[in-house]
$ cat data_20.cif   # mmCIF, C-alpha atoms and all ligand atoms
data_data
#
loop_
_atom_site.label_atom_id
_atom_site.label_comp_id
_atom_site.auth_asym_id
_atom_site.auth_seq_id
_atom_site.Cartn_x
_atom_site.Cartn_y
_atom_site.Cartn_z
CA MET A 1 204.66 87.11 38.72
CA SER A 2 201.67 88.38 40.61
CA THR A 3 199.74 91.41 39.42
CA SER A 4 198.36 92.11 42.92
CA ALA A 5 199.62 95.20 44.72
CA ALA A 6 202.06 94.50 47.58
CA PRO A 7 200.23 94.75 50.94
CA ASP A 8 201.62 97.05 53.69
CA ALA A 9 203.74 95.72 56.58
CA GLU A 10 200.83 95.43 59.02
CA ALA A 11 198.75 93.51 56.50
CA VAL A 12 201.70 91.16 55.89
CA ASP A 13 201.95 90.49 59.63
CA ASP A 14 198.23 89.75 59.80
CA PHE A 15 198.56 87.46 56.82
CA ARG A 16 201.53 85.70 58.43
CA ARG A 17 199.47 85.01 61.56
CA GLU A 18 196.62 83.69 59.42
CA VAL A 19 198.98 81.40 57.47
CA ARG A 20 200.65 80.17 60.64
CA ALA A 21 197.32 79.26 62.24
CA TRP A 22 196.07 77.58 59.07
CA LEU A 23 199.26 75.52 58.64
CA GLY A 24 199.11 74.54 62.32
CA ALA A 25 195.60 73.20 61.79
CA ASN A 26 196.14 71.59 58.39
CA PHE A 27 199.73 70.36 57.90
CA PRO A 28 199.97 66.71 59.02
CA PRO A 29 203.00 66.49 61.39
CA SER A 30 203.70 62.98 60.00
CA LEU A 31 204.94 64.67 56.78
CA LYS A 32 207.42 67.02 58.44
CA GLY A 33 210.73 67.27 56.57
CA HIS A 34 209.38 65.69 53.40
CA PRO A 35 211.05 67.05 50.22
CA ALA A 36 209.14 68.93 47.54
CA LEU A 37 207.95 66.69 44.71
CA LEU A 38 208.36 67.28 41.00
CA SER A 39 205.69 64.88 39.85
CA GLY A 40 202.67 63.08 41.22
CA HIS A 41 204.69 59.88 40.92
CA ASP A 42 207.64 60.55 43.19
CA GLU A 43 208.03 58.04 45.99
CA LEU A 44 206.00 59.15 49.03
CA HIS A 45 207.50 59.07 52.51
CA GLY A 46 204.78 59.07 55.16
CA PRO A 47 201.13 57.98 55.27
CA PRO A 48 199.50 58.29 51.79
CA GLU A 49 196.22 59.45 53.35
CA ASP A 50 198.07 62.37 55.01
CA HIS A 51 199.63 63.30 51.65
CA ALA A 52 196.18 63.27 50.04
CA ARG A 53 194.70 65.38 52.86
CA TRP A 54 197.57 67.89 52.71
CA LYS A 55 197.38 68.24 48.93
CA ALA A 56 193.58 68.70 49.01
CA ALA A 57 193.89 71.34 51.75
CA ILE A 58 196.48 73.39 49.82
CA ALA A 59 194.58 73.01 46.54
CA GLY A 60 191.38 74.18 48.25
CA LYS A 61 193.12 77.39 49.32
CA GLY A 62 194.71 77.95 45.91
CA TRP A 63 198.07 78.02 47.70
CA GLY A 64 199.78 75.62 45.28
CA VAL A 65 199.86 78.58 42.88
CA PRO A 66 199.16 81.48 45.27
CA THR A 67 199.81 84.25 42.73
CA TRP A 68 197.63 82.86 39.92
CA PRO A 69 194.19 84.45 39.43
CA VAL A 70 191.39 82.83 41.46
CA GLU A 71 189.45 81.95 38.28
CA TYR A 72 192.35 79.68 37.23
CA GLY A 73 192.73 77.90 40.57
CA GLY A 74 195.12 80.29 42.32
CA ALA A 75 194.57 82.56 45.30
CA GLY A 76 195.21 85.93 43.59
CA LEU A 77 197.85 86.83 46.18
CA SER A 78 200.89 89.10 45.85
CA ASP A 79 204.45 87.74 45.53
CA GLU A 80 205.07 88.94 49.06
CA GLN A 81 202.14 86.93 50.41
CA ALA A 82 203.34 83.90 48.43
CA ASP A 83 206.72 84.32 50.12
CA VAL A 84 205.03 84.38 53.52
CA ILE A 85 203.35 81.05 52.75
CA ALA A 86 206.65 79.51 51.54
CA GLY A 87 208.54 80.89 54.54
CA GLU A 88 205.98 79.65 57.05
CA MET A 89 205.99 76.22 55.43
CA GLU A 90 209.77 76.06 55.63
CA ARG A 91 209.70 77.17 59.29
CA ILE A 92 207.62 74.15 60.34
CA GLY A 93 209.26 71.65 57.94
CA ALA A 94 206.24 71.57 55.62
CA PHE A 95 206.57 71.17 51.85
CA GLN A 96 204.61 72.37 48.85
CA PRO A 97 202.53 69.33 47.82
CA ILE A 98 201.50 70.83 44.49
CA MET A 99 204.49 70.94 42.19
CA SER A 100 204.72 69.63 38.66
CA MET A 101 206.16 70.43 35.26
CA GLY A 102 202.73 71.69 34.29
CA LEU A 103 202.75 74.11 37.18
CA MET A 104 206.38 75.16 36.91
CA MET A 105 206.56 75.59 33.12
CA LEU A 106 203.28 75.38 31.24
CA GLY A 107 201.14 77.33 33.73
CA PRO A 108 203.02 80.65 33.55
CA THR A 109 203.47 80.21 29.79
CA LEU A 110 199.74 79.69 29.21
CA LEU A 111 198.95 82.66 31.44
CA GLU A 112 201.00 84.78 29.04
CA PHE A 113 200.35 83.19 25.64
CA GLY A 114 197.27 80.96 25.96
CA ASN A 115 193.81 82.02 24.83
CA LYS A 116 190.95 82.27 27.34
CA GLU A 117 189.60 78.80 26.60
CA GLN A 118 193.06 77.17 26.94
CA LYS A 119 193.61 78.86 30.30
CA ARG A 120 190.12 78.01 31.55
CA ARG A 121 190.47 74.38 30.52
CA HIS A 122 194.06 73.59 31.56
CA LEU A 123 195.10 75.85 34.44
CA PRO A 124 192.64 74.81 37.20
CA PRO A 125 193.51 71.06 36.93
CA ILE A 126 197.23 72.00 37.10
CA ALA A 127 196.57 74.18 40.17
CA ARG A 128 194.86 71.24 41.89
CA SER A 129 197.53 68.80 40.70
CA GLU A 130 194.92 66.67 38.96
CA MET A 131 196.63 66.63 35.56
CA GLN A 132 200.22 65.63 34.93
CA TRP A 133 202.06 67.23 32.02
CA CYS A 134 205.32 66.32 30.33
CA GLN A 135 207.62 68.42 28.18
CA GLY A 136 208.17 67.24 24.59
CA PHE A 137 211.00 69.48 23.44
CA SER A 138 214.18 67.36 22.99
CA GLU A 139 214.70 65.04 20.05
CA PRO A 140 217.62 62.90 18.90
CA GLY A 141 219.79 65.59 17.25
CA ALA A 142 217.84 68.46 18.81
CA GLY A 143 218.88 68.97 22.44
CA SER A 144 221.15 71.98 22.86
CA ASP A 145 220.33 72.97 19.30
CA LEU A 146 216.62 72.67 20.02
CA ALA A 147 215.53 74.62 16.94
CA SER A 148 216.80 71.71 14.79
CA LEU A 149 213.76 69.72 15.90
CA ARG A 150 212.01 67.70 13.22
CA LEU A 151 208.76 66.33 14.69
CA ARG A 152 206.53 67.00 11.69
CA CYS A 153 203.25 68.84 12.20
CA GLU A 154 201.04 69.11 9.11
CA ASP A 155 197.90 71.18 8.77
CA ARG A 156 195.19 68.72 7.70
CA GLY A 157 192.35 71.21 7.60
CA ASP A 158 190.34 70.22 10.67
CA HIS A 159 193.33 68.87 12.67
CA TRP A 160 197.14 68.80 12.98
CA LEU A 161 198.97 65.57 12.09
CA LEU A 162 202.12 64.68 14.04
CA ASN A 163 204.86 62.28 12.92
CA GLY A 164 208.32 61.80 14.44
CA GLN A 165 210.06 61.31 17.78
CA LYS A 166 210.86 63.01 21.08
CA ILE A 167 213.42 61.82 23.65
CA TRP A 168 214.28 62.42 27.33
CA THR A 169 210.62 63.17 27.97
CA SER A 170 210.49 63.05 31.78
CA TYR A 171 207.45 61.25 33.25
CA ALA A 172 205.86 60.77 29.79
CA HIS A 173 204.72 57.31 30.90
CA HIS A 174 202.73 58.87 33.79
CA SER A 175 201.51 62.00 32.05
CA ASP A 176 198.02 62.90 30.89
CA TRP A 177 199.15 65.67 28.53
CA CYS A 178 202.30 66.86 26.79
CA PHE A 179 203.27 70.40 25.74
CA LEU A 180 205.57 70.18 22.75
CA LEU A 181 207.31 71.97 19.94
CA ALA A 182 206.77 70.70 16.41
CA ARG A 183 207.87 71.71 12.93
CA THR A 184 205.16 73.36 10.86
CA ASP A 185 207.52 74.82 8.23
CA THR A 186 210.61 72.99 6.98
CA SER A 187 211.94 75.89 4.91
CA VAL A 188 213.00 78.01 7.92
CA LYS A 189 214.56 77.04 11.26
CA HIS A 190 213.34 79.06 14.26
CA ARG A 191 210.30 80.57 12.52
CA GLY A 192 208.98 77.17 11.40
CA ILE A 193 208.12 75.85 14.86
CA SER A 194 204.73 75.72 16.62
CA PHE A 195 203.71 75.07 20.23
CA LEU A 196 201.03 72.40 20.78
CA LEU A 197 199.14 70.76 23.65
CA VAL A 198 198.72 67.02 23.11
CA ASP A 199 196.56 64.53 25.01
CA MET A 200 198.80 61.51 25.71
CA GLU A 201 195.81 59.17 25.20
CA THR A 202 195.64 60.12 21.50
CA PRO A 203 196.03 57.06 19.23
CA GLY A 204 199.46 56.80 17.58
CA ILE A 205 201.55 57.82 20.64
CA ASP A 206 204.01 55.16 21.82
CA VAL A 207 205.93 55.81 25.08
CA ARG A 208 209.06 53.77 25.97
CA PRO A 209 210.82 54.40 29.33
CA ILE A 210 214.64 54.65 29.52
CA GLU A 211 216.53 53.51 32.64
CA LEU A 212 218.85 56.05 34.31
CA ILE A 213 222.19 55.51 36.04
CA ASN A 214 220.48 55.45 39.47
CA GLY A 215 218.14 52.67 38.36
CA ILE A 216 215.06 54.88 38.03
CA SER A 217 213.18 55.16 34.74
CA HIS A 218 211.68 58.56 34.89
CA PHE A 219 212.14 59.54 31.33
CA CYS A 220 211.14 58.14 27.99
CA GLU A 221 211.32 58.05 24.25
CA VAL A 222 208.01 59.09 22.69
CA PHE A 223 207.07 58.11 19.15
CA PHE A 224 204.31 59.83 17.15
CA SER A 225 202.70 58.01 14.21
CA ASP A 226 199.87 59.85 12.47
CA VAL A 227 198.74 61.49 15.70
CA ARG A 228 195.70 63.76 15.16
CA VAL A 229 195.69 66.87 17.34
CA PRO A 230 192.62 69.19 17.45
CA LYS A 231 193.15 72.61 15.90
CA GLU A 232 192.33 74.41 19.16
CA ASN A 233 195.40 72.84 20.84
CA LEU A 234 197.79 75.23 19.09
CA VAL A 235 199.09 77.89 21.51
CA GLY A 236 199.75 81.28 19.89
CA GLU A 237 200.29 81.58 16.15
CA VAL A 238 201.32 78.90 13.64
CA ASN A 239 205.15 79.10 13.34
CA GLY A 240 205.26 81.33 16.43
CA GLY A 241 206.21 78.54 18.86
CA TRP A 242 209.89 79.40 19.25
CA THR A 243 209.16 82.57 21.23
CA ILE A 244 206.72 80.68 23.46
CA GLY A 245 209.16 77.77 23.92
CA LYS A 246 211.98 80.13 24.89
CA ARG A 247 209.81 81.79 27.54
CA LEU A 248 208.84 78.37 28.87
CA LEU A 249 212.53 77.44 29.16
CA GLN A 250 213.12 80.56 31.28
CA HIS A 251 210.37 79.38 33.65
CA GLU A 252 211.98 75.93 33.66
CA ARG A 253 215.40 77.29 34.65
CA THR A 254 213.96 79.51 37.35
CA GLY A 255 211.90 76.61 38.70
CA LEU A 256 214.84 74.22 38.63
CA SER A 257 217.06 76.58 40.60
CA ARG A 258 214.31 76.88 43.26
CA LEU A 259 213.70 73.14 43.35
CA ARG A 260 217.37 72.57 44.02
CA GLY A 261 216.87 74.53 47.23
CA ALA A 262 213.79 72.55 48.19
CA LYS A 263 215.56 69.24 47.67
CA ALA A 264 218.19 70.35 50.15
CA HIS A 265 215.92 68.95 52.86
CA VAL A 266 216.88 65.45 51.81
CA LEU A 267 220.62 66.00 51.96
CA ASP A 268 220.89 68.04 55.12
CA LEU A 269 224.65 67.76 55.46
CA VAL A 270 225.19 68.82 59.07
CA PRO A 271 223.21 65.98 60.69
CA ILE A 272 224.79 63.56 58.20
CA ALA A 273 228.26 64.80 59.22
CA ARG A 274 227.41 64.46 62.92
CA ARG A 275 226.18 60.91 62.45
CA TYR A 276 229.02 59.55 60.31
CA GLN A 277 232.11 61.59 61.18
CA GLU A 278 234.24 61.82 64.30
CA THR A 279 233.93 65.05 66.26
CA ASP A 280 236.44 66.72 68.57
CA ALA A 281 235.91 67.77 72.19
CA ASP A 282 234.10 70.94 71.03
CA GLY A 283 231.67 68.94 68.87
CA ARG A 284 233.35 70.07 65.61
CA LEU A 285 234.24 67.69 62.79
CA ALA A 286 237.67 66.27 63.64
CA ASP A 287 238.76 66.30 59.99
CA GLY A 288 239.71 69.96 59.51
CA ASP A 289 239.85 69.80 55.72
CA LEU A 290 236.39 68.28 55.44
CA ARG A 291 235.07 70.73 58.03
CA GLY A 292 236.40 73.66 56.01
CA ARG A 293 234.92 72.43 52.75
CA LEU A 294 231.57 71.72 54.39
CA ALA A 295 231.47 75.20 55.94
CA GLU A 296 232.38 76.77 52.59
CA HIS A 297 229.63 74.83 50.83
CA LEU A 298 227.03 75.85 53.40
CA MET A 299 228.05 79.51 53.17
CA THR A 300 227.96 79.50 49.36
CA ASP A 301 224.61 77.73 49.44
CA HIS A 302 223.28 80.41 51.80
CA ALA A 303 224.61 83.18 49.53
CA TYR A 304 223.01 81.46 46.56
CA ARG A 305 219.61 81.37 48.27
CA LEU A 306 219.94 85.05 49.20
CA THR A 307 220.78 85.82 45.56
CA LEU A 308 217.63 83.98 44.46
CA GLU A 309 215.62 86.11 46.88
CA ARG A 310 217.30 89.31 45.73
CA ARG A 311 216.58 88.47 42.10
CA ARG A 312 212.94 87.92 42.90
CA ASP A 313 212.76 91.21 44.84
CA GLU A 314 214.34 93.01 41.88
CA GLY A 315 211.74 91.48 39.58
CA GLU A 316 208.94 92.64 41.88
CA ALA A 317 210.39 96.14 42.07
CA GLY A 318 210.36 96.25 38.25
CA THR A 319 214.13 96.68 37.94
CA LYS A 320 216.30 94.55 35.63
CA PRO A 321 217.45 91.54 37.66
CA THR A 322 221.19 91.69 38.30
CA THR A 323 221.68 87.91 38.16
CA PRO A 324 220.53 86.20 34.96
CA VAL A 325 218.54 82.96 35.09
CA SER A 326 221.25 81.04 33.19
CA THR A 327 223.86 81.93 35.80
CA LEU A 328 221.51 80.90 38.60
CA LYS A 329 220.75 77.62 36.86
CA ASN A 330 224.46 76.80 36.59
CA ILE A 331 225.25 77.77 40.17
CA GLY A 332 222.23 75.84 41.45
CA ALA A 333 223.34 72.76 39.50
CA ALA A 334 226.91 73.06 40.79
CA MET A 335 225.66 73.47 44.38
CA GLY A 336 223.45 70.40 44.05
CA GLN A 337 226.29 68.30 42.63
CA GLN A 338 228.71 69.49 45.29
CA ARG A 339 226.16 68.66 47.99
CA GLY A 340 225.86 65.12 46.60
CA GLU A 341 229.66 64.69 46.52
CA LEU A 342 230.04 65.96 50.06
CA ALA A 343 227.25 63.72 51.35
CA VAL A 344 228.94 60.66 49.83
CA GLU A 345 232.28 61.69 51.32
CA LEU A 346 230.76 62.24 54.76
CA VAL A 347 229.00 58.88 54.78
CA GLY A 348 232.10 57.04 53.48
CA LEU A 349 231.82 53.34 52.60
CA ASN A 350 228.15 53.25 53.61
CA SER A 351 227.39 55.40 50.59
CA LEU A 352 228.52 52.67 48.17
CA GLY A 353 225.36 50.56 48.46
CA TRP A 354 223.03 49.90 45.60
CA ALA A 355 220.37 47.69 47.19
CA GLY A 356 219.75 45.08 49.88
CA ASP A 357 220.88 44.52 53.46
CA GLY A 358 223.77 46.33 55.08
CA TYR A 359 222.65 49.80 54.06
CA SER A 360 219.89 51.88 55.57
CA ALA A 361 217.10 53.25 53.37
CA GLU A 362 218.54 56.73 53.92
CA GLU A 363 222.00 55.62 52.73
CA LEU A 364 220.57 54.02 49.58
CA GLU A 365 218.56 57.16 48.88
CA LEU A 366 221.66 59.29 49.32
CA THR A 367 223.63 57.20 46.81
CA SER A 368 220.78 57.42 44.36
CA GLN A 369 220.63 61.20 44.75
CA TRP A 370 224.37 61.53 44.24
CA LEU A 371 224.11 59.61 40.96
CA HIS A 372 221.08 61.62 39.95
CA SER A 373 222.90 64.88 40.64
CA LYS A 374 225.08 64.16 37.58
CA CYS A 375 222.20 65.27 35.34
CA TYR A 376 221.65 68.65 37.04
CA SER A 377 224.14 70.24 34.63
CA ILE A 378 222.48 68.68 31.57
CA TYR A 379 218.71 69.04 31.83
CA GLY A 380 216.96 72.34 31.34
CA GLY A 381 219.84 73.30 29.01
CA SER A 382 223.39 72.09 29.62
CA HIS A 383 226.06 73.96 31.58
CA GLU A 384 227.93 75.02 28.43
CA ILE A 385 224.77 76.31 26.76
CA GLN A 386 223.90 78.41 29.82
CA ASN A 387 227.41 79.85 29.71
CA ASN A 388 226.95 80.66 26.01
CA ILE A 389 223.68 82.48 26.81
CA THR A 390 225.36 84.46 29.59
CA ALA A 391 228.29 85.32 27.32
CA ARG A 392 226.06 86.58 24.52
CA HIS A 393 223.20 88.24 26.35
CA GLU A 394 224.85 89.49 29.54
CA LEU A 395 228.46 90.10 28.51
CA GLY A 396 227.76 91.07 24.90
CA LEU A 397 230.34 88.64 23.51
CA PRO A 398 229.99 87.48 19.89
CA SER A 399 228.29 84.10 19.30
CA ASP A 400 230.44 81.12 18.34
C1 LIG A 501 217.32 64.07 33.70
C2 LIG A 501 216.95 64.73 32.40
C3 LIG A 501 215.62 65.06 32.19
C4 LIG A 501 215.25 65.65 30.98
N1 LIG A 501 213.92 65.90 30.79
C5 LIG A 501 213.52 66.42 29.61
C6 LIG A 501 212.13 66.62 29.36
O1 LIG A 501 211.27 66.33 30.20
N2 LIG A 501 211.76 67.11 28.16
C7 LIG A 501 212.66 67.45 27.21
O2 LIG A 501 212.24 67.93 26.15
N3 LIG A 501 213.99 67.26 27.40
C8 LIG A 501 214.44 66.75 28.58
N4 LIG A 501 215.78 66.53 28.81
C9 LIG A 501 216.73 66.80 27.72
C10 LIG A 501 217.65 67.97 27.97
O3 LIG A 501 216.99 69.18 27.81
C11 LIG A 501 218.82 67.81 27.02
O4 LIG A 501 219.52 66.64 27.45
C12 LIG A 501 219.76 68.99 27.02
O5 LIG A 501 219.14 70.09 26.44
C13 LIG A 501 221.08 68.68 26.31
O6 LIG A 501 220.82 68.20 25.01
P1 LIG A 501 221.50 66.83 24.48
O7 LIG A 501 221.30 65.79 25.55
O8 LIG A 501 220.93 66.55 23.12
O9 LIG A 501 223.05 67.11 24.41
P2 LIG A 501 223.85 67.78 23.17
O10 LIG A 501 223.08 68.97 22.71
O11 LIG A 501 224.16 66.72 22.17
O12 LIG A 501 225.16 68.28 23.89
C14 LIG A 501 226.22 67.38 24.24
C15 LIG A 501 227.33 68.22 24.90
O13 LIG A 501 227.82 69.19 23.96
C16 LIG A 501 227.74 70.51 24.52
N5 LIG A 501 227.37 71.48 23.49
C17 LIG A 501 226.41 71.33 22.53
N6 LIG A 501 226.36 72.46 21.78
C18 LIG A 501 227.29 73.32 22.27
C19 LIG A 501 227.70 74.65 21.93
N7 LIG A 501 227.15 75.33 20.93
N8 LIG A 501 228.69 75.23 22.68
C20 LIG A 501 229.28 74.57 23.72
N9 LIG A 501 228.93 73.29 24.07
C21 LIG A 501 227.95 72.69 23.37
C22 LIG A 501 226.62 70.41 25.55
O14 LIG A 501 226.73 71.41 26.54
C23 LIG A 501 226.84 69.02 26.12
O15 LIG A 501 227.85 69.04 27.10
C24 LIG A 501 216.21 65.95 29.99
C25 LIG A 501 217.55 65.62 30.22
C26 LIG A 501 217.92 65.02 31.41
C27 LIG A 501 219.37 64.66 31.61
#

$ encode --input "data_20.cif" --output "structure tokens" --more "lines below"
Ligand SMILES: Cc1cc2nc3c(=O)[nH]c(=O)nc-3n(C[C@H](O)[C@H](O)[C@H](O)COP(=O)(O)OP(=O)(O)OC[C@H]3O[C@@H](n4cnc5c(N)ncnc54)[C@H](O)[C@@H]3O)c2cc1C
Amino acid sequence: MSTSAAPDAEAVDDFRREVRAWLGANFPPSLKGHPALLSGHDELHGPPEDHARWKAAIAGKGWGVPTWPVEYGGAGLSDEQADVIAGEMERIGAFQPIMSMGLMMLGPTLLEFGNKEQKRRHLPPIARSEMQWCQGFSEPGAGSDLASLRLRCEDRGDHWLLNGQKIWTSYAHHSDWCFLLARTDTSVKHRGISFLLVDMETPGIDVRPIELINGISHFCEVFFSDVRVPKENLVGEVNGGWTIGKRLLQHERTGLSRLRGAKAHVLDLVPIARRYQETDADGRLADGDLRGRLAEHLMTDHAYRLTLERRRDEGEAGTKPTTPVSTLKNIGAAMGQQRGELAVELVGLNSLGWAGDGYSAEELELTSQWLHSKCYSIYGGSHEIQNNITARHELGLPSD
């Protein structure tokens, strides 16, 4: 969250005009309607040189991370000004070209827990999208019960020594660095974990991609054999990593619920319905049942976005947010899955393609997104785990 004071209404209007003019001069129209990207390796739609120009322009303004301090690559703006930028981008069909796991999760965590040197070294390249980061939390046997993790981290005097395995590490094969949790004390569970920053080029790291149901291999197994990590790459205190990891997961859930909204560009259901479904004389979908369910989805989606905005406003006003992140994560995941189901239903048989002739690129993309939507309720903490968190922390129910 920004530490800048909120500007008055007139200043916001001035800022809006400035943003509008700048976007008009700098956003390449060829990229209109493009979805937000999670990594620097998502497939690009539109001329690559326009993507590069757009990213450089936003990075130059610090508008990829508008609320971060200027010294770390941000623009030092207030949350309200950041909202103006996001709103103006949405108005003209522009997208945020700087978005990554480093930005969404590690950046805010380092701002809070990193030392000066760690922030100075790592935040500016994240703000300019020059460094890709992956998240090394999950292990076989340590997903929902993350604190069971076993990746061994020994203090070898002048360095840390890592041995063990991570799994489901998204984009590890394209990442420059990894933020991870490792075990520095085997005699205790939560208080024996430390938070480390690891250069993926370090000898002893072996990355093996895993193929997903939609044919894409975006995540990997990562093996660590006698990996030497410099002492200065520890964030916070030895054995203090659990607190830092938990805060990072909150940023992940918040970011994921927002990203769900951004991805909505790709599955814009109304034009899909118009193209594939029969309409009546008034231009409405002829199938009343489908029409009703589509309308209900769009209304709920709208309410969900308003709730996200309200939660952010509550945070800015310093009051306790009325909707917890875990609830938002679950609703966002359910909305995304429902959107995928509805899209497939609207498109009908044309949504059954996997590859090749007979299906348009858009139809194949839609099928792939529907399959991918299955994981929304797993990553970032599964649906059941989010419900457990809500039950314990919001409703005060006893733990299982
Ligand atoms: C697309 C994708 C990307 C991912 N990317 C990353 C990444 O980049 N980095 C990373 O570290 N991890 C990543 N993950 C891993 C993700 O965080 C884990 O998959 C998730 O935390 C669930 O852990 P698990 O897969 O081990 O399932 P398990 O923990 O084995 O759970 C299996 C099932 O049991 C349920 N369950 C488990 N415990 C309880 C309980 N106490 N009460 C009720 N139900 C329970 C779960 O909800 C789930 O339905 C990714 C996962 C996916 C699908």

$ atom_distance --input "data_20.cif" --atom1 "atom C8 of ligand LIG 501 (chain A)" --atom2 "CA of Gln132 (chain A)"
15.6 Å

$ atom_distance --input "data_20.cif" --atom1 "CA of Arg310 (chain A)" --atom2 "CA of Thr322 (chain A)"
8.7 Å

$ atom_distance --input "data_20.cif" --atom1 "CA of Glu362 (chain A)" --atom2 "CA of Ile216 (chain A)"
16.4 Å

$ residues_around --input "data_20.cif" --residues "Leu249 (chain A)" --least-positions-apart "2" --cutoff "10 Å" --atoms "all atoms listed in the file" --output "PDB file with C-alpha atoms, keeping the file's coordinate frame"
ATOM      1  CA  MET A 105     206.560  75.590  33.120  1.00  0.00           C
ATOM      2  CA  LEU A 106     203.280  75.380  31.240  1.00  0.00           C
ATOM      3  CA  THR A 109     203.470  80.210  29.790  1.00  0.00           C
ATOM      4  CA  PHE A 137     211.000  69.480  23.440  1.00  0.00           C
ATOM      5  CA  ILE A 244     206.720  80.680  23.460  1.00  0.00           C
ATOM      6  CA  GLY A 245     209.160  77.770  23.920  1.00  0.00           C
ATOM      7  CA  LYS A 246     211.980  80.130  24.890  1.00  0.00           C
ATOM      8  CA  ARG A 247     209.810  81.790  27.540  1.00  0.00           C
ATOM      9  CA  HIS A 251     210.370  79.380  33.650  1.00  0.00           C
ATOM     10  CA  GLU A 252     211.980  75.930  33.660  1.00  0.00           C
ATOM     11  CA  ARG A 253     215.400  77.290  34.650  1.00  0.00           C
ATOM     12  CA  THR A 254     213.960  79.510  37.350  1.00  0.00           C
ATOM     13  CA  GLY A 255     211.900  76.610  38.700  1.00  0.00           C
ATOM     14  CA  GLY A 380     216.960  72.340  31.340  1.00  0.00           C
ATOM     15  CA  GLY A 381     219.840  73.300  29.010  1.00  0.00           C
TER      16      GLY A 381
END

$ residues_near_ligand --input "data_20.cif" --ligand "ligand LIG 501 (chain A)" --cutoff "6 Å" --atoms "all atoms listed in the file" --output "ChimeraX atom specification"
/A:134-138,142-145,168-170,375,378-385

$ closest_residue --input "data_20.cif" --among "A:Leu196, A:Leu342, A:Ala127, A:Val12" --to "Ser100 (chain A)" --atoms "only C-alpha atoms"
A:Ala127

$ closest_residue --input "data_20.cif" --among "A:Ala281, A:Gln118, A:Tyr171, A:His190" --to "Glu211 (chain A)" --atoms "all atoms listed in the file"
A:Tyr171

$ closest_residue --input "data_20.cif" --among "A:Ser129, A:Gly107, A:Ser225, A:Lys119" --to "Cys153 (chain A)" --atoms "all atoms listed in the file"
A:Ser225

$ decode --input "data_20.cif" --residues "region 329-342 of chain A" --atoms "N, CA and C atoms" --output "PDB file, in the first residue's frame"
ATOM      1  N   LYS A 329     -10.282 -14.825  -2.646  1.00  0.00           N
ATOM      2  CA  LYS A 329      -9.563 -15.764  -3.504  1.00  0.00           C
ATOM      3  C   LYS A 329     -10.526 -16.861  -3.975  1.00  0.00           C
ATOM      4  N   ASN A 330     -11.325 -17.391  -3.055  1.00  0.00           N
ATOM      5  CA  ASN A 330     -12.258 -18.462  -3.422  1.00  0.00           C
ATOM      6  C   ASN A 330     -13.330 -17.981  -4.392  1.00  0.00           C
ATOM      7  N   ILE A 331     -13.863 -16.789  -4.131  1.00  0.00           N
ATOM      8  CA  ILE A 331     -14.908 -16.290  -5.037  1.00  0.00           C
ATOM      9  C   ILE A 331     -14.313 -16.010  -6.420  1.00  0.00           C
ATOM     10  N   GLY A 332     -13.116 -15.405  -6.424  1.00  0.00           N
ATOM     11  CA  GLY A 332     -12.456 -15.117  -7.699  1.00  0.00           C
ATOM     12  C   GLY A 332     -12.221 -16.398  -8.493  1.00  0.00           C
ATOM     13  N   ALA A 333     -11.774 -17.457  -7.798  1.00  0.00           N
ATOM     14  CA  ALA A 333     -11.522 -18.732  -8.471  1.00  0.00           C
ATOM     15  C   ALA A 333     -12.830 -19.300  -9.020  1.00  0.00           C
ATOM     16  N   ALA A 334     -13.882 -19.245  -8.204  1.00  0.00           N
ATOM     17  CA  ALA A 334     -15.181 -19.781  -8.655  1.00  0.00           C
ATOM     18  C   ALA A 334     -15.700 -18.990  -9.857  1.00  0.00           C
ATOM     19  N   MET A 335     -15.533 -17.664  -9.818  1.00  0.00           N
ATOM     20  CA  MET A 335     -15.992 -16.842 -10.947  1.00  0.00           C
ATOM     21  C   MET A 335     -15.234 -17.206 -12.226  1.00  0.00           C
ATOM     22  N   GLY A 336     -13.910 -17.378 -12.073  1.00  0.00           N
ATOM     23  CA  GLY A 336     -13.092 -17.719 -13.239  1.00  0.00           C
ATOM     24  C   GLY A 336     -13.483 -19.070 -13.820  1.00  0.00           C
ATOM     25  N   GLN A 337     -13.748 -20.026 -12.939  1.00  0.00           N
ATOM     26  CA  GLN A 337     -14.137 -21.370 -13.428  1.00  0.00           C
ATOM     27  C   GLN A 337     -15.509 -21.330 -14.089  1.00  0.00           C
ATOM     28  N   GLN A 338     -16.416 -20.568 -13.467  1.00  0.00           N
ATOM     29  CA  GLN A 338     -17.760 -20.471 -14.047  1.00  0.00           C
ATOM     30  C   GLN A 338     -17.707 -19.797 -15.423  1.00  0.00           C
ATOM     31  N   ARG A 339     -16.832 -18.784 -15.530  1.00  0.00           N
ATOM     32  CA  ARG A 339     -16.702 -18.086 -16.808  1.00  0.00           C
ATOM     33  C   ARG A 339     -16.226 -19.050 -17.891  1.00  0.00           C
ATOM     34  N   GLY A 340     -15.249 -19.909 -17.519  1.00  0.00           N
ATOM     35  CA  GLY A 340     -14.742 -20.890 -18.472  1.00  0.00           C
ATOM     36  C   GLY A 340     -15.828 -21.869 -18.897  1.00  0.00           C
ATOM     37  N   GLU A 341     -16.621 -22.335 -17.924  1.00  0.00           N
ATOM     38  CA  GLU A 341     -17.708 -23.289 -18.225  1.00  0.00           C
ATOM     39  C   GLU A 341     -18.734 -22.655 -19.161  1.00  0.00           C
ATOM     40  N   LEU A 342     -19.092 -21.410 -18.833  1.00  0.00           N
ATOM     41  CA  LEU A 342     -20.102 -20.728 -19.650  1.00  0.00           C
ATOM     42  C   LEU A 342     -19.594 -20.503 -21.070  1.00  0.00           C
TER      43      LEU A 342
END
